[in-house]
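Below is upload-v3.cif, which holds mmCIF, C-alpha atoms.
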data_run
loop_
_atom_site.group_PDB
_atom_site.id
_atom_site.type_symbol
_atom_site.label_atom_id
_atom_site.label_comp_id
_atom_site.auth_asym_id
_atom_site.auth_seq_id
_atom_site.Cartn_x
_atom_site.Cartn_y
_atom_site.Cartn_z
ATOM 1 C CA ILE L 1 24.562 7.216 44.744
ATOM 2 C CA LEU L 2 26.344 8.984 41.898
ATOM 3 C CA PRO L 3 28.409 12.105 42.320
ATOM 4 C CA ALA L 4 26.583 15.159 40.957
ATOM 5 C CA GLY L 5 29.025 15.648 38.058
ATOM 6 C CA GLU L 6 28.636 12.066 36.866
ATOM 7 C CA ALA L 7 24.829 12.207 37.173
ATOM 8 C CA ILE L 8 24.733 15.427 35.144
ATOM 9 C CA GLY L 9 26.995 13.872 32.488
ATOM 10 C CA ARG L 10 24.768 10.804 32.186
ATOM 11 C CA ALA L 11 21.645 12.962 32.038
ATOM 12 C CA ARG L 12 23.165 15.074 29.221
ATOM 13 C CA ALA L 13 24.094 11.947 27.276
ATOM 14 C CA LEU L 14 20.585 10.576 27.709
ATOM 15 C CA LEU L 15 19.073 13.914 26.665
ATOM 16 C CA GLY L 16 21.226 13.865 23.500
ATOM 17 C CA GLU L 17 20.005 10.351 22.670
ATOM 18 C CA LEU L 18 16.391 11.413 23.237
ATOM 19 C CA ARG L 19 16.830 14.426 20.936
ATOM 20 C CA ASP L 20 18.281 12.167 18.215
ATOM 21 C CA LEU L 21 15.363 9.768 18.602
ATOM 22 C CA LEU L 22 12.852 12.631 18.425
ATOM 23 C CA ARG L 23 14.461 13.981 15.224
ATOM 24 C CA GLU L 24 14.390 10.519 13.661
ATOM 25 C CA THR L 25 10.755 9.970 14.677
ATOM 26 C CA SER L 26 9.705 13.396 13.361
ATOM 27 C CA ALA L 27 11.408 12.738 10.024
ATOM 28 C CA ARG L 28 9.726 9.332 9.758
ATOM 29 C CA ARG L 29 6.340 10.862 10.645
ATOM 30 C CA ALA L 30 6.736 13.510 7.907
ATOM 31 C CA VAL L 31 7.335 10.752 5.362
ATOM 32 C CA ASP L 32 4.356 8.747 6.627
ATOM 33 C CA GLU L 33 2.014 11.726 6.310
ATOM 34 C CA ARG L 34 2.265 11.673 2.527
ATOM 35 C CA PRO L 35 -0.914 10.630 0.752
ATOM 36 C CA CYS L 36 -1.088 6.861 0.471
ATOM 37 C CA ALA L 37 -2.386 4.447 -2.159
ATOM 38 C CA ALA L 38 -2.556 0.713 -1.445
ATOM 39 C CA LEU L 39 -2.396 -2.163 -3.911
ATOM 40 C CA THR L 40 -4.848 -4.713 -2.561
ATOM 41 C CA GLY L 41 -6.602 -7.817 -3.832
ATOM 42 C CA ARG L 42 -6.357 -11.595 -3.943
ATOM 43 C CA PRO L 43 -3.050 -13.467 -3.867
ATOM 44 C CA ASN L 44 -1.307 -13.703 -7.231
ATOM 45 C CA ALA L 45 -3.329 -10.912 -8.863
ATOM 46 C CA GLY L 46 -0.063 -9.199 -9.809
ATOM 47 C CA LYS L 47 0.131 -6.562 -7.067
ATOM 48 C CA SER L 48 3.899 -6.887 -6.557
ATOM 49 C CA SER L 49 4.535 -6.901 -10.302
ATOM 50 C CA LEU L 50 2.582 -3.646 -10.594
ATOM 51 C CA PHE L 51 4.410 -2.262 -7.537
ATOM 52 C CA ASN L 52 7.713 -2.959 -9.289
ATOM 53 C CA ALA L 53 6.509 -1.526 -12.614
ATOM 54 C CA LEU L 54 5.228 1.672 -10.987
ATOM 55 C CA THR L 55 8.128 2.341 -8.603
ATOM 56 C CA GLY L 56 11.146 0.645 -10.157
ATOM 57 C CA SER L 57 11.408 -1.545 -7.055
ATOM 58 C CA ASP L 58 12.499 -5.154 -7.119
ATOM 59 C CA ALA L 59 9.979 -6.829 -4.827
ATOM 60 C CA LEU L 60 10.072 -10.603 -5.089
ATOM 61 C CA VAL L 61 7.631 -11.903 -7.714
ATOM 62 C CA THR L 62 6.914 -15.579 -8.357
ATOM 63 C CA PRO L 63 4.049 -17.569 -9.893
ATOM 64 C CA VAL L 64 3.358 -18.969 -6.406
ATOM 65 C CA ALA L 65 0.406 -17.259 -4.697
ATOM 66 C CA GLY L 66 1.269 -15.652 -1.372
ATOM 67 C CA THR L 67 4.865 -14.629 -2.122
ATOM 68 C CA THR L 68 4.430 -11.174 -0.546
ATOM 69 C CA ARG L 69 4.321 -11.565 3.209
ATOM 70 C CA ASP L 70 4.947 -8.045 4.402
ATOM 71 C CA VAL L 71 3.706 -4.576 3.554
ATOM 72 C CA LEU L 72 6.114 -2.949 1.094
ATOM 73 C CA SER L 73 6.320 0.797 0.590
ATOM 74 C CA ALA L 74 7.915 3.075 -2.009
ATOM 75 C CA ASP L 75 7.556 6.605 -3.314
ATOM 76 C CA LEU L 76 5.445 7.161 -6.412
ATOM 77 C CA ASP L 77 5.628 10.823 -7.428
ATOM 78 C CA GLY L 78 5.141 12.055 -3.833
ATOM 79 C CA VAL L 79 2.547 9.408 -2.977
ATOM 80 C CA ARG L 80 3.403 6.523 -0.671
ATOM 81 C CA LEU L 81 2.496 3.398 -2.620
ATOM 82 C CA ILE L 82 2.120 0.251 -0.571
ATOM 83 C CA ASP L 83 2.002 -3.342 -1.750
ATOM 84 C CA THR L 84 0.083 -5.670 0.534
ATOM 85 C CA PRO L 85 -0.043 -9.439 0.926
ATOM 86 C CA GLY L 86 -3.033 -10.992 -0.813
ATOM 87 C CA ASP L 87 -6.406 -10.951 0.914
ATOM 88 C CA GLN L 88 -6.852 -14.394 2.418
ATOM 89 C CA ASP L 89 -8.293 -15.865 5.584
ATOM 90 C CA VAL L 90 -5.829 -18.577 6.563
ATOM 91 C CA PRO L 91 -4.147 -19.513 9.839
ATOM 92 C CA GLY L 92 -0.503 -18.954 10.708
ATOM 93 C CA PRO L 93 2.007 -16.510 9.260
ATOM 94 C CA ASP L 94 0.202 -16.129 5.933
ATOM 95 C CA GLY L 95 -2.984 -15.098 7.726
ATOM 96 C CA ALA L 96 -1.069 -12.712 9.970
ATOM 97 C CA ALA L 97 0.565 -11.167 6.904
ATOM 98 C CA ALA L 98 -2.821 -10.791 5.196
ATOM 99 C CA ARG L 99 -4.321 -9.136 8.289
ATOM 100 C CA ARG L 100 -1.380 -6.726 8.528
ATOM 101 C CA GLY L 101 -1.776 -5.902 4.838
ATOM 102 C CA ALA L 102 -5.515 -5.354 5.197
ATOM 103 C CA GLU L 103 -4.907 -2.988 8.118
ATOM 104 C CA ALA L 104 -2.405 -0.962 6.074
ATOM 105 C CA ALA L 105 -4.779 -0.885 3.096
ATOM 106 C CA ARG L 106 -7.682 0.331 5.266
ATOM 107 C CA ALA L 107 -5.519 3.236 6.454
ATOM 108 C CA ALA L 108 -4.677 4.296 2.869
ATOM 109 C CA ASP L 109 -6.350 7.243 1.176
ATOM 110 C CA LEU L 110 -6.950 5.296 -2.033
ATOM 111 C CA ALA L 111 -7.349 1.574 -2.656
ATOM 112 C CA LEU L 112 -5.992 0.153 -5.885
ATOM 113 C CA PHE L 113 -8.070 -3.002 -6.086
ATOM 114 C CA VAL L 114 -6.049 -5.323 -8.307
ATOM 115 C CA VAL L 115 -7.974 -8.096 -10.019
ATOM 116 C CA ASP L 116 -6.463 -10.843 -12.140
ATOM 117 C CA ALA L 117 -8.463 -10.177 -15.291
ATOM 118 C CA SER L 118 -7.950 -13.791 -16.367
ATOM 119 C CA ASP L 119 -9.533 -15.102 -13.131
ATOM 120 C CA PRO L 120 -13.150 -16.166 -13.755
ATOM 121 C CA GLU L 121 -14.117 -15.628 -10.081
ATOM 122 C CA PRO L 122 -12.624 -12.348 -8.835
ATOM 123 C CA SER L 123 -13.837 -11.281 -5.407
ATOM 124 C CA LEU L 124 -13.117 -8.788 -2.679
ATOM 125 C CA ALA L 125 -12.259 -9.580 0.928
ATOM 126 C CA LEU L 126 -11.383 -6.072 2.114
ATOM 127 C CA GLU L 127 -14.223 -3.892 3.414
ATOM 128 C CA PRO L 128 -13.755 -0.426 1.877
ATOM 129 C CA ARG L 129 -15.524 1.613 4.558
ATOM 130 C CA GLY L 130 -16.492 4.271 2.050
ATOM 131 C CA ARG L 131 -13.003 4.750 0.663
ATOM 132 C CA PRO L 132 -12.572 5.408 -3.023
ATOM 133 C CA ALA L 133 -10.839 2.893 -5.238
ATOM 134 C CA ILE L 134 -9.413 2.483 -8.678
ATOM 135 C CA LEU L 135 -10.182 -0.919 -10.118
ATOM 136 C CA VAL L 136 -7.051 -2.333 -11.745
ATOM 137 C CA LEU L 137 -7.732 -5.150 -14.179
ATOM 138 C CA ASN L 138 -4.252 -6.645 -14.315
ATOM 139 C CA LYS L 139 -3.051 -9.455 -16.576
ATOM 140 C CA SER L 140 -5.344 -7.975 -19.211
ATOM 141 C CA ASP L 141 -3.080 -9.460 -21.869
ATOM 142 C CA ARG L 142 -4.406 -12.899 -20.827
ATOM 143 C CA ALA L 143 -8.139 -12.132 -20.465
ATOM 144 C CA ASP L 144 -11.188 -12.015 -22.689
ATOM 145 C CA GLY L 145 -13.309 -10.136 -20.146
ATOM 146 C CA VAL L 146 -14.061 -10.031 -16.440
ATOM 147 C CA ALA L 147 -17.003 -9.349 -14.135
ATOM 148 C CA VAL L 148 -16.143 -7.805 -10.773
ATOM 149 C CA ARG L 149 -18.258 -7.696 -7.635
ATOM 150 C CA THR L 150 -17.103 -5.019 -5.218
ATOM 151 C CA ARG L 151 -18.325 -2.735 -2.474
ATOM 152 C CA PHE L 152 -15.678 -0.108 -3.206
ATOM 153 C CA HIS L 153 -16.663 3.288 -4.542
ATOM 154 C CA ILE L 154 -14.974 2.701 -7.896
ATOM 155 C CA ARG L 155 -13.795 6.010 -9.333
ATOM 156 C CA GLU L 156 -12.473 4.439 -12.496
ATOM 157 C CA ALA L 157 -11.049 1.253 -13.940
ATOM 158 C CA VAL L 158 -7.683 0.802 -15.588
ATOM 159 C CA CYS L 159 -6.572 -2.225 -17.617
ATOM 160 C CA THR L 160 -2.936 -3.134 -17.076
ATOM 161 C CA SER L 161 -0.459 -5.842 -17.789
ATOM 162 C CA ALA L 162 2.554 -5.709 -15.503
ATOM 163 C CA ALA L 163 4.134 -8.361 -17.750
ATOM 164 C CA THR L 164 3.978 -6.241 -20.920
ATOM 165 C CA GLY L 165 3.834 -2.770 -19.342
ATOM 166 C CA ALA L 166 0.508 -2.003 -21.018
ATOM 167 C CA GLY L 167 -1.610 0.428 -19.011
ATOM 168 C CA VAL L 168 1.014 1.049 -16.295
ATOM 169 C CA ALA L 169 1.403 4.700 -17.355
ATOM 170 C CA ASP L 170 -2.401 5.020 -17.357
ATOM 171 C CA LEU L 171 -2.535 3.699 -13.784
ATOM 172 C CA ARG L 172 0.206 6.118 -12.683
ATOM 173 C CA GLU L 173 -1.785 8.979 -14.228
ATOM 174 C CA ALA L 174 -5.039 7.840 -12.548
ATOM 175 C CA ILE L 175 -3.318 7.806 -9.140
ATOM 176 C CA SER L 176 -1.804 11.233 -9.753
ATOM 177 C CA ARG L 177 -5.123 12.637 -10.946
ATOM 178 C CA PHE L 178 -6.912 11.329 -7.834
ATOM 179 C CA PHE L 179 -4.525 13.050 -5.443
ATOM 180 C CA LYS L 180 -4.433 16.303 -7.424
ATOM 181 C CA VAL L 181 -8.230 16.556 -7.484
ATOM 182 C CA GLY L 182 -8.789 15.226 -3.948
ATOM 183 C CA GLY L 183 -7.141 18.148 -2.171
ATOM 184 C CA GLY L 184 -6.683 18.187 1.587
ATOM 185 C CA GLY L 185 -3.703 15.812 1.515
ATOM 186 C CA GLY L 186 -5.320 13.644 -1.114
ATOM 187 C CA ARG L 187 -8.375 12.640 0.892
ATOM 188 C CA PHE L 188 -11.425 11.839 -1.169
ATOM 189 C CA ARG L 189 -14.258 14.324 -0.816
#

Written as structure tokens, how would this file's structure read?
Amino acid sequence: ILPAGEAIGRARALLGELRDLLRETSARRAVDERPCAALTGRPNAGKSSLFNALTGSDALVTPVAGTTRDVLSADLDGVRLIDTPGDQDVPGPDGAAARRGAEAARAADLALFVVDASDPEPSLALEPRGRPAILVLNKSDRADGVAVRTRFHIREAVCTSAATGAGVADLREAISRFFKVGGGGGRFR
């Protein structure tokens, strides 16, 4: 049994720690309530390269498919832009990363469905559940044309090349336009 003075001192210290934790959590929640756009699509479509081009980040980019293994997040003009691991159904850590990315993308207000425009067989693994999307035909500097099958409600399509920078400003403007018109925190109506 603790003396009353010591118990009160410990309780005050604990209360101070709880207040600090609450302030930190509230600040984090305010950041997380920003409108959110998610880069999603197959591995090696150029999502991380676009993430870097749009936000000035330095996410790891390699020619090896599946480099991104965690959900990355950065600010893009007041919008939380997330980069997700490629959509793939594989066992182990890569599959876990893809599932985590798909969950984050499903929670986003806007999907940025990135397709490698030079890929002859683009496809979509993520179920949109009625969410709007901007189709991003990346690597357009290496493509002659592309056909895309998707269940997303495509609001518009933007051709980009993260390698050359072509179309990146157009994509930034399309994202901005979506959230300005959407109202209500950027939710599609």

- Query: Can you list what the PyMOL selection byres ((chain L and resi 48-56) around 6) grabs from this structure, as a ChimeraX atom specification?
  - Reply: /L:46-47,57-58,76,162

- Care to translate the PyMOL selection byres ((chain L and resi 113) around 6) into actual residues of this file, as a PyMOL selection string? chain L and resi 40-41+111-112+114+135-136

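Among the candidate residues L:Asn44, L:Ala163, L:Pro3, L:Gly9, the one lying nearest to Ser140 of chain L is L:Ala163, with distances computed using all atoms listed in the file.
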
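Note that atom CA of Arg142 of chain L and atom CA of Ala117 of chain L are 7.4 Å apart.
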
- atom CA of Arg106 of chain L sits from atom CA of Ala37 of chain L at a separation of 10.0 Å

- When distances are computed from all atoms listed in the file, which of L:Gly5, L:Gly95, L:Gly101, L:Gly86 shows the smallest separation from Ser73 of chain L?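 Closest to Ser73 of chain L, using all atoms listed in the file: L:Gly101.
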
- Message: Going by the chain IDs and residue numbers used in this file, which residues fall under the PyMOL selection byres ((chain L and resi 82) around 9)? Write them as a list in words.
- Response: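 Against this file, the PyMOL selection byres ((chain L and resi 82) around 9) returns the residues Cys36, Ala37, Ala38, Leu39, Thr40, Phe51, Val71, Leu72, Ser73, Ala74, Asp75, Arg80, Leu81, Asp83, Thr84, Ala104, Ala105 and Ala108 of chain L.
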
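Going from atom CA of Arg100 of chain L over to atom CA of Ala133 of chain L, you cover 19.3 Å.
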
What are the centre and the three edge lengths of an axis-aligned box that wraps all atoms of segment 36-50 of chain L in the file, given that 3 Å is added to every side, written as AutoDock Vina command-line options and rounded to one decimal in Å?
--center_x -1.0 --center_y -3.4 --center_z -5.1 --size_x 17.1 --size_y 26.6 --size_z 17.1

- Note on the structure: Of L:Leu137, L:Asp116, L:Arg12, L:Ala96, the one nearest to Ala166 of chain L when counting only C-alpha atoms is L:Leu137
